[in-house]
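J.: Below is run.cif; it holds mmCIF, C-alpha atoms and all ligand atoms.
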data_input
loop_
_atom_site.label_atom_id
_atom_site.label_comp_id
_atom_site.auth_asym_id
_atom_site.auth_seq_id
_atom_site.Cartn_x
_atom_site.Cartn_y
_atom_site.Cartn_z
CA MET A 1 33.48 -40.82 -132.35
CA PRO A 2 32.35 -44.42 -132.95
CA ILE A 3 31.13 -45.37 -136.42
CA GLU A 4 27.44 -44.62 -136.83
CA PHE A 5 25.64 -47.71 -138.07
CA ALA A 6 22.18 -47.92 -139.59
CA GLU A 7 19.31 -48.12 -137.10
CA ARG A 8 18.39 -51.63 -138.29
CA ILE A 9 21.73 -53.02 -137.10
CA ARG A 10 20.51 -52.58 -133.53
CA ARG A 11 17.37 -54.56 -134.30
CA ILE A 12 18.86 -57.53 -136.14
CA PRO A 13 19.23 -60.48 -133.74
CA VAL A 14 22.45 -62.45 -133.75
CA TYR A 15 21.91 -65.88 -135.35
CA PRO A 16 22.31 -68.54 -132.64
CA ALA A 17 24.91 -70.61 -134.49
CA ALA A 18 26.62 -73.45 -132.68
CA ASP A 19 30.00 -72.49 -131.30
CA GLY A 20 31.51 -75.96 -131.47
CA TYR A 21 33.11 -75.68 -134.90
CA ALA A 22 36.44 -74.64 -133.43
CA LEU A 23 36.50 -77.62 -131.06
CA ALA A 24 38.99 -80.24 -132.10
CA GLY A 25 38.71 -83.94 -131.46
CA ASP A 26 35.90 -86.26 -130.69
CA VAL A 27 32.77 -84.11 -130.49
CA ALA A 28 29.22 -85.17 -131.38
CA MET A 29 27.94 -82.22 -133.43
CA LEU A 30 24.21 -82.42 -132.83
CA ALA A 31 23.45 -78.70 -132.75
CA SER A 32 22.95 -77.59 -136.35
CA ASN A 33 20.74 -80.19 -138.05
CA GLU A 34 23.55 -81.21 -140.35
CA SER A 35 23.90 -84.61 -141.97
CA PRO A 36 26.31 -86.87 -140.07
CA TYR A 37 27.31 -88.44 -143.40
CA PRO A 38 29.88 -86.94 -145.78
CA PRO A 39 28.94 -86.15 -149.39
CA ILE A 40 29.01 -89.15 -151.73
CA PRO A 41 32.22 -89.69 -153.79
CA ALA A 42 30.58 -88.67 -157.10
CA VAL A 43 29.72 -85.27 -155.60
CA VAL A 44 33.22 -84.83 -154.20
CA ASP A 45 34.60 -85.62 -157.69
CA ALA A 46 32.27 -83.05 -159.30
CA VAL A 47 33.50 -80.41 -156.86
CA ALA A 48 37.13 -81.33 -157.52
CA GLU A 49 36.54 -80.89 -161.23
CA ALA A 50 34.89 -77.50 -160.73
CA LEU A 51 37.91 -76.29 -158.75
CA GLY A 52 40.04 -76.29 -161.91
CA GLY A 53 37.84 -73.52 -163.34
CA LEU A 54 37.89 -71.17 -160.38
CA ASN A 55 39.63 -68.44 -162.39
CA ARG A 56 36.19 -67.82 -163.96
CA TYR A 57 33.10 -66.45 -162.25
CA PRO A 58 30.37 -69.04 -161.79
CA ASP A 59 27.51 -69.18 -164.30
CA PRO A 60 25.39 -66.23 -163.07
CA THR A 61 22.18 -67.93 -164.19
CA SER A 62 23.11 -71.33 -162.71
CA SER A 63 21.69 -72.77 -165.90
CA ALA A 64 22.84 -76.38 -165.46
CA LEU A 65 21.56 -76.52 -161.90
CA ARG A 66 18.24 -74.82 -162.64
CA GLY A 67 17.82 -77.12 -165.65
CA ALA A 68 18.48 -80.19 -163.49
CA LEU A 69 16.03 -78.93 -160.84
CA SER A 70 13.44 -78.29 -163.54
CA ASP A 71 13.83 -81.86 -164.82
CA ARG A 72 13.65 -83.28 -161.30
CA TYR A 73 10.59 -81.32 -160.12
CA GLY A 74 8.72 -80.46 -163.32
CA VAL A 75 8.78 -76.73 -162.60
CA PRO A 76 9.84 -74.45 -165.49
CA VAL A 77 13.35 -73.00 -165.24
CA HIS A 78 12.10 -69.40 -165.14
CA ARG A 79 10.28 -70.21 -161.88
CA ILE A 80 13.33 -71.67 -160.14
CA ALA A 81 15.65 -69.51 -158.01
CA VAL A 82 18.91 -70.74 -156.55
CA GLY A 83 21.03 -69.20 -153.85
CA ASN A 84 23.97 -69.30 -151.50
CA GLY A 85 21.99 -71.60 -149.23
CA SER A 86 18.23 -71.23 -148.97
CA CYS A 87 18.84 -68.53 -146.33
CA ASP A 88 20.14 -66.35 -149.12
CA ILE A 89 16.77 -66.62 -150.88
CA LEU A 90 14.91 -66.00 -147.61
CA LEU A 91 16.83 -62.80 -146.93
CA ALA A 92 16.35 -61.71 -150.51
CA ALA A 93 12.61 -62.35 -150.22
CA GLY A 94 12.52 -60.14 -147.13
CA GLU A 95 14.35 -57.40 -148.96
CA ALA A 96 12.14 -57.67 -152.02
CA LEU A 97 8.81 -57.84 -150.17
CA LEU A 98 9.11 -55.99 -146.87
CA GLU A 99 9.43 -52.38 -145.76
CA PRO A 100 8.38 -50.33 -142.73
CA GLU A 101 4.58 -50.57 -142.16
CA ALA A 102 4.45 -53.94 -143.93
CA GLU A 103 3.87 -57.11 -141.90
CA ILE A 104 5.35 -60.60 -141.94
CA VAL A 105 3.58 -63.50 -140.20
CA TYR A 106 5.27 -66.65 -138.96
CA ALA A 107 4.94 -69.20 -136.17
CA TRP A 108 7.08 -69.19 -133.04
CA PRO A 109 9.27 -70.92 -132.20
CA SER A 110 10.37 -71.35 -135.77
CA PHE A 111 13.54 -70.85 -137.83
CA SER A 112 15.85 -68.23 -136.29
CA VAL A 113 16.36 -66.39 -139.57
CA TYR A 114 12.73 -65.20 -139.77
CA PRO A 115 13.14 -62.53 -137.04
CA HIS A 116 16.19 -61.29 -138.94
CA ILE A 117 14.10 -60.72 -142.07
CA ALA A 118 11.63 -58.52 -140.24
CA ALA A 119 14.29 -56.59 -138.34
CA ALA A 120 16.38 -55.93 -141.43
CA SER A 121 13.45 -54.41 -143.32
CA GLY A 122 11.73 -52.58 -140.47
CA ALA A 123 8.53 -54.54 -141.14
CA ARG A 124 6.33 -55.63 -138.23
CA ALA A 125 6.84 -59.27 -137.23
CA ILE A 126 3.61 -60.98 -136.22
CA THR A 127 4.47 -64.22 -134.46
CA VAL A 128 1.87 -66.88 -133.74
CA PRO A 129 2.70 -69.43 -131.01
CA VAL A 130 2.78 -73.08 -132.07
CA ASP A 131 -0.01 -75.17 -130.52
CA GLY A 132 0.22 -77.61 -127.59
CA GLU A 133 1.59 -80.28 -129.91
CA HIS A 134 4.35 -77.97 -131.17
CA ARG A 135 2.60 -77.56 -134.55
CA HIS A 136 1.81 -74.45 -136.54
CA ASP A 137 -1.59 -73.00 -135.62
CA LEU A 138 -2.69 -72.19 -139.17
CA ALA A 139 -6.12 -70.90 -138.12
CA ALA A 140 -4.53 -68.38 -135.78
CA MET A 141 -1.98 -67.41 -138.45
CA LEU A 142 -4.79 -66.78 -140.92
CA GLN A 143 -6.44 -64.42 -138.42
CA GLU A 144 -3.30 -62.27 -138.42
CA ILE A 145 -3.28 -61.68 -142.18
CA ASN A 146 -4.54 -58.27 -143.24
CA ALA A 147 -3.97 -55.60 -145.91
CA ALA A 148 -0.49 -54.83 -144.54
CA THR A 149 0.70 -58.45 -144.74
CA ARG A 150 3.26 -59.06 -147.47
CA LEU A 151 4.81 -62.35 -146.43
CA VAL A 152 3.74 -65.44 -144.49
CA ILE A 153 6.23 -68.20 -143.76
CA VAL A 154 5.23 -71.73 -142.84
CA CYS A 155 8.14 -73.96 -141.91
CA ASN A 156 7.15 -77.53 -142.67
CA PRO A 157 8.57 -79.59 -140.96
CA ASN A 158 9.13 -76.85 -138.42
CA ASN A 159 12.58 -76.02 -137.13
CA PRO A 160 13.04 -76.27 -134.13
CA THR A 161 9.90 -78.16 -133.05
CA SER A 162 10.30 -80.95 -135.69
CA THR A 163 6.55 -81.37 -136.33
CA ALA A 164 4.90 -81.33 -139.75
CA LEU A 165 1.45 -80.49 -141.06
CA PRO A 166 -0.34 -82.65 -143.62
CA LEU A 167 -0.57 -81.24 -147.12
CA ASP A 168 -4.38 -80.93 -147.10
CA GLU A 169 -4.18 -78.52 -144.12
CA LEU A 170 -1.51 -76.50 -145.89
CA ALA A 171 -3.49 -76.48 -149.11
CA ALA A 172 -6.59 -75.17 -147.31
CA PHE A 173 -4.45 -72.49 -145.64
CA VAL A 174 -2.91 -71.38 -148.91
CA ARG A 175 -6.38 -71.20 -150.51
CA ALA A 176 -7.52 -68.85 -147.75
CA VAL A 177 -4.52 -66.47 -147.97
CA PRO A 178 -5.19 -63.43 -150.21
CA ARG A 179 -3.26 -63.48 -153.48
CA HIS A 180 -1.30 -60.30 -152.71
CA VAL A 181 0.49 -62.09 -149.86
CA ALA A 182 3.55 -64.20 -150.66
CA VAL A 183 3.51 -67.56 -148.87
CA ILE A 184 6.89 -69.23 -148.40
CA LEU A 185 6.65 -72.87 -147.41
CA ASP A 186 10.08 -73.46 -145.97
CA GLU A 187 10.67 -77.13 -146.74
CA ALA A 188 14.33 -77.44 -145.74
CA TYR A 189 13.56 -80.83 -144.12
CA CYS A 190 10.80 -82.07 -146.45
CA GLU A 191 12.69 -85.18 -147.56
CA PHE A 192 12.56 -86.50 -143.98
CA ASN A 193 8.81 -85.93 -143.65
CA LEU A 194 7.02 -89.26 -143.80
CA LEU A 195 3.54 -87.72 -143.75
CA GLN A 196 3.82 -87.09 -147.48
CA ASP A 197 5.99 -87.41 -150.54
CA PRO A 198 8.12 -84.26 -150.92
CA ASP A 199 7.00 -83.97 -154.52
CA GLU A 200 3.35 -83.53 -153.54
CA SER A 201 3.45 -79.91 -152.39
CA ILE A 202 4.68 -78.90 -155.85
CA GLU A 203 1.13 -79.09 -157.14
CA LEU A 204 0.32 -76.01 -154.99
CA LEU A 205 2.43 -73.93 -157.36
CA ASP A 206 0.14 -74.52 -160.33
CA ARG A 207 -2.87 -73.09 -158.50
CA HIS A 208 -1.17 -70.38 -156.42
CA PRO A 209 1.26 -67.95 -158.07
CA ASN A 210 1.95 -66.41 -154.62
CA VAL A 211 3.39 -69.67 -153.20
CA VAL A 212 7.10 -70.47 -153.00
CA LEU A 213 8.62 -73.78 -151.88
CA LEU A 214 12.01 -73.19 -150.32
CA ARG A 215 14.42 -76.13 -150.32
CA THR A 216 18.06 -76.84 -149.70
CA PHE A 217 21.00 -79.12 -150.40
CA SER A 218 22.20 -78.50 -146.82
CA LYS A 219 20.26 -81.22 -145.05
CA VAL A 220 19.51 -84.56 -146.68
CA TYR A 221 22.17 -84.02 -149.37
CA GLY A 222 24.79 -83.16 -146.74
CA LEU A 223 26.20 -80.15 -148.61
CA CYS A 224 25.76 -77.32 -146.09
CA GLY A 225 29.49 -76.58 -146.21
CA LEU A 226 29.07 -75.40 -149.81
CA ARG A 227 25.90 -73.30 -149.30
CA VAL A 228 23.34 -74.05 -151.99
CA GLY A 229 19.57 -73.89 -151.83
CA PHE A 230 16.69 -73.28 -154.22
CA ALA A 231 13.14 -72.07 -154.48
CA LEU A 232 10.39 -73.52 -156.65
CA CYS A 233 8.17 -70.51 -157.29
CA GLY A 234 4.53 -70.14 -158.27
CA SER A 235 5.44 -67.13 -160.40
CA GLU A 236 8.43 -65.85 -162.35
CA ALA A 237 7.96 -62.47 -160.61
CA PHE A 238 9.17 -63.88 -157.29
CA ARG A 239 12.27 -65.36 -158.90
CA THR A 240 13.20 -62.16 -160.71
CA ALA A 241 12.64 -60.09 -157.53
CA VAL A 242 14.95 -62.23 -155.39
CA ASP A 243 17.57 -62.22 -158.15
CA GLN A 244 17.31 -58.44 -158.48
CA VAL A 245 18.16 -57.62 -154.86
CA ARG A 246 21.22 -59.87 -154.62
CA GLN A 247 24.80 -59.46 -155.71
CA PRO A 248 25.63 -61.13 -159.03
CA PHE A 249 27.15 -64.65 -158.89
CA PHE A 250 25.34 -65.58 -155.69
CA CYS A 251 25.79 -69.32 -156.21
CA ASN A 252 29.40 -70.43 -156.38
CA ALA A 253 30.79 -72.80 -159.04
CA ALA A 254 31.62 -75.69 -156.69
CA ALA A 255 28.13 -75.52 -155.16
CA GLN A 256 26.45 -75.55 -158.57
CA ALA A 257 28.52 -78.54 -159.71
CA ALA A 258 27.91 -80.44 -156.46
CA ALA A 259 24.16 -79.85 -156.54
CA VAL A 260 23.83 -80.96 -160.19
CA GLU A 261 25.64 -84.20 -159.36
CA ALA A 262 23.78 -84.76 -156.08
CA LEU A 263 20.42 -84.57 -157.85
CA LYS A 264 21.41 -87.61 -159.95
CA HIS A 265 21.60 -89.77 -156.83
CA GLN A 266 18.04 -89.93 -155.55
CA ASP A 267 18.64 -93.52 -154.42
CA GLU A 268 21.19 -92.12 -151.98
CA VAL A 269 18.64 -89.57 -150.74
CA ALA A 270 16.21 -92.41 -150.04
CA ARG A 271 18.93 -94.36 -148.23
CA ARG A 272 19.80 -91.38 -146.06
CA VAL A 273 16.17 -90.78 -145.18
CA GLU A 274 15.84 -94.42 -144.13
CA ARG A 275 19.00 -94.29 -142.04
CA ASN A 276 17.88 -91.08 -140.38
CA LEU A 277 14.52 -92.62 -139.56
CA ALA A 278 16.09 -95.72 -137.99
CA GLU A 279 18.47 -93.59 -135.91
CA ARG A 280 15.71 -91.16 -134.93
CA LEU A 281 13.44 -93.95 -133.67
CA GLU A 282 16.33 -95.31 -131.62
CA LEU A 283 17.10 -91.85 -130.22
CA GLU A 284 13.44 -91.24 -129.36
CA ASP A 285 13.26 -94.60 -127.58
CA GLY A 286 16.33 -93.67 -125.56
CA LEU A 287 14.72 -90.36 -124.57
CA ARG A 288 11.47 -92.07 -123.57
CA ARG A 289 13.45 -94.47 -121.42
CA LEU A 290 14.70 -91.37 -119.58
CA GLY A 291 11.07 -90.36 -119.01
CA LEU A 292 11.13 -87.61 -121.64
CA ALA A 293 8.52 -87.00 -124.33
CA PRO A 294 9.99 -85.72 -127.61
CA ALA A 295 7.65 -83.93 -130.02
CA GLU A 296 6.44 -85.98 -133.00
CA SER A 297 9.35 -85.48 -135.36
CA GLN A 298 9.22 -85.55 -139.14
CA ALA A 299 12.75 -84.23 -139.50
CA ASN A 300 16.41 -85.04 -138.88
CA PHE A 301 16.21 -83.66 -135.35
CA VAL A 302 14.10 -83.97 -132.23
CA TRP A 303 12.65 -81.38 -129.88
CA LEU A 304 12.00 -82.04 -126.24
CA ASP A 305 10.90 -80.18 -123.18
CA LEU A 306 13.17 -80.77 -120.23
CA PRO A 307 11.42 -82.05 -117.09
CA GLU A 308 10.08 -79.28 -114.84
CA ALA A 309 12.03 -80.82 -111.97
CA THR A 310 15.21 -79.95 -113.86
CA SER A 311 14.72 -76.25 -113.32
CA SER A 312 13.44 -76.57 -109.75
CA ALA A 313 16.48 -78.71 -108.89
CA GLY A 314 18.69 -75.92 -110.19
CA THR A 315 19.93 -77.90 -113.17
CA GLY A 316 18.40 -75.64 -115.78
CA GLU A 317 18.75 -75.82 -119.50
CA ARG A 318 22.04 -73.95 -119.39
CA GLU A 319 23.59 -76.45 -116.99
CA ILE A 320 22.36 -79.30 -119.16
CA ILE A 321 23.89 -77.75 -122.28
CA ARG A 322 27.16 -77.15 -120.44
CA GLY A 323 27.17 -80.66 -118.97
CA LEU A 324 26.56 -82.17 -122.41
CA ALA A 325 29.36 -80.07 -123.93
CA GLU A 326 31.72 -81.26 -121.19
CA ARG A 327 30.84 -84.79 -122.27
CA GLY A 328 31.60 -83.91 -125.91
CA VAL A 329 27.99 -83.50 -127.09
CA LEU A 330 26.78 -80.26 -128.67
CA VAL A 331 23.03 -79.65 -128.92
CA ARG A 332 20.99 -76.46 -129.29
CA ALA A 333 19.42 -74.80 -126.25
CA GLY A 334 15.71 -74.06 -126.52
CA ALA A 335 16.29 -70.61 -125.02
CA ALA A 336 18.34 -69.66 -128.08
CA LEU A 337 15.42 -70.76 -130.26
CA GLY A 338 12.55 -69.00 -128.54
CA ARG A 339 11.57 -71.47 -125.85
CA ALA A 340 13.48 -71.91 -122.61
CA GLY A 341 13.48 -75.31 -120.95
CA ALA A 342 13.75 -77.28 -124.18
CA LEU A 343 16.46 -78.88 -126.33
CA ARG A 344 16.81 -79.43 -130.05
CA VAL A 345 18.98 -82.39 -130.89
CA THR A 346 20.07 -83.36 -134.39
CA VAL A 347 19.91 -87.04 -135.25
CA GLY A 348 23.52 -88.13 -135.63
CA THR A 349 25.14 -91.52 -136.07
CA ALA A 350 24.04 -94.37 -133.79
CA ALA A 351 27.16 -93.86 -131.64
CA GLU A 352 26.58 -90.09 -131.34
CA ASN A 353 22.93 -90.52 -130.41
CA ALA A 354 23.79 -93.14 -127.79
CA ARG A 355 26.45 -90.84 -126.38
CA PHE A 356 23.93 -88.01 -126.13
CA VAL A 357 21.30 -90.17 -124.40
CA ALA A 358 23.84 -91.53 -121.93
CA ALA A 359 25.16 -88.03 -121.15
CA LEU A 360 21.68 -86.57 -120.73
CA GLY A 361 20.65 -89.50 -118.53
CA ALA A 362 23.65 -88.90 -116.27
CA LEU A 363 22.84 -85.18 -116.02
CA LEU A 364 19.18 -85.74 -115.19
CA GLU A 365 19.89 -88.29 -112.49
C1 LIG B 401 13.90 -74.22 -141.64
C2 LIG B 401 15.18 -73.90 -142.29
N1 LIG B 401 15.16 -73.22 -143.42
C3 LIG B 401 16.28 -72.89 -144.06
C4 LIG B 401 17.50 -73.26 -143.56
C5 LIG B 401 18.70 -72.77 -144.24
O1 LIG B 401 19.38 -73.67 -144.90
P1 LIG B 401 20.53 -73.28 -145.93
O2 LIG B 401 20.71 -71.80 -145.95
O3 LIG B 401 21.70 -73.99 -145.43
O4 LIG B 401 20.00 -73.77 -147.23
C6 LIG B 401 17.58 -73.99 -142.37
C7 LIG B 401 18.89 -74.35 -141.81
O5 LIG B 401 19.04 -74.79 -140.71
C8 LIG B 401 16.38 -74.31 -141.71
O6 LIG B 401 16.39 -74.97 -140.57
#
How would this structure read if it were set down as structure tokens?

T.:
Amino acid sequence: MPIEFAERIRRIPVYPAADGYALAGDVAMLASNESPYPPIPAVVDAVAEALGGLNRYPDPTSSALRGALSDRYGVPVHRIAVGNGSCDILLAAGEALLEPEAEIVYAWPSFSVYPHIAAASGARAITVPVDGEHRHDLAAMLQEINAATRLVIVCNPNNPTSTALPLDELAAFVRAVPRHVAVILDEAYCEFNLLQDPDESIELLDRHPNVVLLRTFSKVYGLCGLRVGFALCGSEAFRTAVDQVRQPFFCNAAAQAAAVEALKHQDEVARRVERNLAERLELEDGLRRLGLAPAESQANFVWLDLPEATSSAGTGEREIIRGLAERGVLVRAGAALGRAGALRVTVGTAAENARFVAALGALLE
């Protein structure tokens, strides 16, 4: 007799992670929206120092990190949650808020972990297609909110479509959502968003106890290998709920030390944002020269529909992905992200981006 697993195991989709990590050699890793730049030396030193204390469990309250986040963002410590990556907090939010008969609303395509949250809890997932410009359709999302809704997620900028909404539209949306519904604004890429200062959305928390801003050290800080993220919460109740459902010591000692140090180097964050912007503009120009029209990105990645002729000529998305991989370039297939016939490409170094554009050009010829 095979092992009998819980029903929900059959429902939980497999996360479409890149499979290039095992590849050795000269590969352009443009599939996971990582930073192409290594952590700064001061952060590496902080991690090295933390390693000497690994015989102890990490601080279960992450007090130094939460204190540093409180100083940086002006949100009281009791309203700051940290986690083993921001995904950890997302999954915990699903566990704390959702159950069968409850509903979760999010846009699609959006971050691949959202379907997991619904499936794991048995809640109904209500997905609202992004509009013709690949942006969240907030009016349509609002229409889907009812007495059963427990959680709404708005990913801004949106992964995978790269677009962002201005804060006034988000603020109006949040005002219209009933108070019993938790609203997570997933801001994993907010530092790259040039439509507004990433500190501006924090003011939503003062007026809306049901709002949570989810952020991470995985992207602009380049620390995804350590797994550390955080949530700035409108209420202490959200923070205590997500802490309650998780195992103790959910944020490891090296991650806490790295994040505390990384926060001290906001000048480096600004530099990385600038570099990403310069490389993204170059990458977008290269794509336009190939006759492609990337979505309006406010992130460290771009999203593009492949030309219709690609599929009619038999060189579908899968062939393109394979052809790129053969040329040492890994990108994410739209089909894995909810929209066939598209690609999501992380902005890498200038050389990686040029390699991608050249390889794609050759494949589309
Ligand atoms: C929109 C979004 N949210 C959250 C995350 C999770 O980041 P982490 O768990 O590494 O903090 C990602 C990672 O790709 C993402 O794209």

J.: Mind giving me the straight-line distance from atom C8 of ligand LIG 401 (chain B) to atom CA of Arg289 of chain A in Å, one decimal?

T.: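 Atom-to-atom, atom C8 of ligand LIG 401 (chain B) and atom CA of Arg289 of chain A are spaced 28.8 Å apart.
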
J.: Using only C-alpha atoms and all ligand atoms, find each residue of chain A with at least one atom at most 9 Å away from an atom of ligand LIG 401 (chain B); report its shortest atom-to-atom pair and that distance in Å (one decimal), sort the rows by chain and rising residue number, and return the result as CSV.

T.:
residue,atom,partner,partner_atom,distance
A:Ser32,CA,B:LIG401,O5,6.5
A:Asn33,CA,B:LIG401,O5,6.3
A:Glu34,CA,B:LIG401,O5,7.9
A:Gly83,CA,B:LIG401,O4,8.1
A:Asn84,CA,B:LIG401,O2,6.9
A:Gly85,CA,B:LIG401,O2,3.5
A:Ser86,CA,B:LIG401,O4,3.6
A:Cys87,CA,B:LIG401,O2,3.8
A:Asp88,CA,B:LIG401,O2,6.3
A:Ile89,CA,B:LIG401,O2,8.2
A:Leu90,CA,B:LIG401,C3,7.9
A:Ser110,CA,B:LIG401,C1,7.4
A:Phe111,CA,B:LIG401,C1,5.1
A:Ser112,CA,B:LIG401,O6,8.0
A:Val113,CA,B:LIG401,C3,7.9
A:Cys155,CA,B:LIG401,C1,5.8
A:Asn156,CA,B:LIG401,C1,7.6
A:Pro157,CA,B:LIG401,C1,7.6
A:Asn158,CA,B:LIG401,C1,6.3
A:Asn159,CA,B:LIG401,C1,5.0
A:Pro160,CA,B:LIG401,O6,7.4
A:Asp186,CA,B:LIG401,N1,5.7
A:Glu187,CA,B:LIG401,C1,6.7
A:Ala188,CA,B:LIG401,N1,4.9
A:Tyr189,CA,B:LIG401,C1,7.1
A:Leu214,CA,B:LIG401,C3,7.6
A:Arg215,CA,B:LIG401,O4,6.8
A:Thr216,CA,B:LIG401,O4,4.4
A:Phe217,CA,B:LIG401,O4,6.3
A:Ser218,CA,B:LIG401,O3,4.7
A:Lys219,CA,B:LIG401,O3,7.4
A:Leu223,CA,B:LIG401,O3,8.3
A:Cys224,CA,B:LIG401,O3,5.3
A:Gly225,CA,B:LIG401,O3,8.2
A:Leu226,CA,B:LIG401,O3,8.7
A:Arg227,CA,B:LIG401,O3,5.8
A:Val228,CA,B:LIG401,O4,5.8
A:Gly229,CA,B:LIG401,O4,4.6
A:Phe230,CA,B:LIG401,O4,7.7

J.: Excluding segment 244-249 of chain A and any residue of its chain fewer than 5 positions from it, enumerate the residues within 8 Å of it, using all atoms listed in the file, and give them as a ChimeraX atom specification.

T.: /A:57-61,92,95-96

J.: Within 8 Å of (5.1, -72.0, -149.4) (file coordinates; all atoms listed in the file), which protein or nucleic acid residues are there? I'd like them as a ChimeraX atom specification.

T.: /A:153-154,183-186,211-214

J.: Which is closer to His116 of chain A than all the others in A:Arg332, A:Ser63, A:Val14, A:Ala140, using all atoms listed in the file?

T.: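 Of all the options, A:Val14 lies closest to His116 of chain A.
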
J.: Kindly indicate which residue among A:His136, A:Gly122, A:Leu263, A:Thr149 lies nearest to Asp71 of chain A, using all atoms listed in the file for the distances.

T.: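 Under the stated criterion, the closest residue is A:Leu263.
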
J.: Find the smallest box with edges along x, y and z containing every listed atom of segment 63-77 of chain A, then add 6 Å on each side and report centre and edge lengths in Å to one decimal, as lines of an AutoDock Vina configuration file.

T.:
center_x = 15.8
center_y = -78.0
center_z = -163.0
size_x = 26.1
size_y = 22.5
size_z = 17.8

J.: Starting from the sparse input, extend segment 114-126 of chain A to N, CA, C and O atoms and give the output as a compact mmCIF listing (two decimals), keeping the file's coordinate frame.

T.:
# COMPACT_ATOMS: atom_id res chain seq x y z
N TYR A 114 13.93 -66.00 -139.48
CA TYR A 114 12.73 -65.20 -139.77
C TYR A 114 12.72 -63.86 -139.01
O TYR A 114 12.39 -62.83 -139.61
N PRO A 115 13.09 -63.83 -137.72
CA PRO A 115 13.14 -62.53 -137.04
C PRO A 115 14.14 -61.57 -137.69
O PRO A 115 13.93 -60.35 -137.71
N HIS A 116 15.19 -62.12 -138.25
CA HIS A 116 16.19 -61.29 -138.94
C HIS A 116 15.54 -60.56 -140.13
O HIS A 116 15.77 -59.37 -140.34
N ILE A 117 14.71 -61.29 -140.87
CA ILE A 117 14.10 -60.72 -142.07
C ILE A 117 13.27 -59.49 -141.72
O ILE A 117 13.33 -58.46 -142.39
N ALA A 118 12.48 -59.63 -140.64
CA ALA A 118 11.63 -58.52 -140.24
C ALA A 118 12.49 -57.35 -139.76
O ALA A 118 12.29 -56.19 -140.18
N ALA A 119 13.47 -57.65 -138.92
CA ALA A 119 14.29 -56.59 -138.34
C ALA A 119 15.07 -55.84 -139.42
O ALA A 119 15.21 -54.61 -139.38
N ALA A 120 15.56 -56.57 -140.40
CA ALA A 120 16.38 -55.93 -141.43
C ALA A 120 15.56 -54.97 -142.29
O ALA A 120 16.09 -53.98 -142.79
N SER A 121 14.28 -55.24 -142.44
CA SER A 121 13.45 -54.41 -143.32
C SER A 121 12.69 -53.34 -142.56
O SER A 121 12.17 -52.40 -143.16
N GLY A 122 12.55 -53.52 -141.25
CA GLY A 122 11.73 -52.58 -140.47
C GLY A 122 10.26 -52.97 -140.50
O GLY A 122 9.41 -52.25 -139.96
N ALA A 123 9.93 -54.10 -141.12
CA ALA A 123 8.53 -54.54 -141.14
C ALA A 123 8.14 -55.05 -139.75
O ALA A 123 8.99 -55.38 -138.94
N ARG A 124 6.82 -55.10 -139.51
CA ARG A 124 6.33 -55.63 -138.23
C ARG A 124 6.30 -57.16 -138.30
O ARG A 124 5.73 -57.72 -139.24
N ALA A 125 6.88 -57.80 -137.29
CA ALA A 125 6.84 -59.27 -137.23
C ALA A 125 5.65 -59.69 -136.39
O ALA A 125 5.54 -59.28 -135.23
N ILE A 126 4.75 -60.46 -136.97
CA ILE A 126 3.61 -60.98 -136.22
C ILE A 126 3.89 -62.45 -135.99
O ILE A 126 3.93 -63.24 -136.94
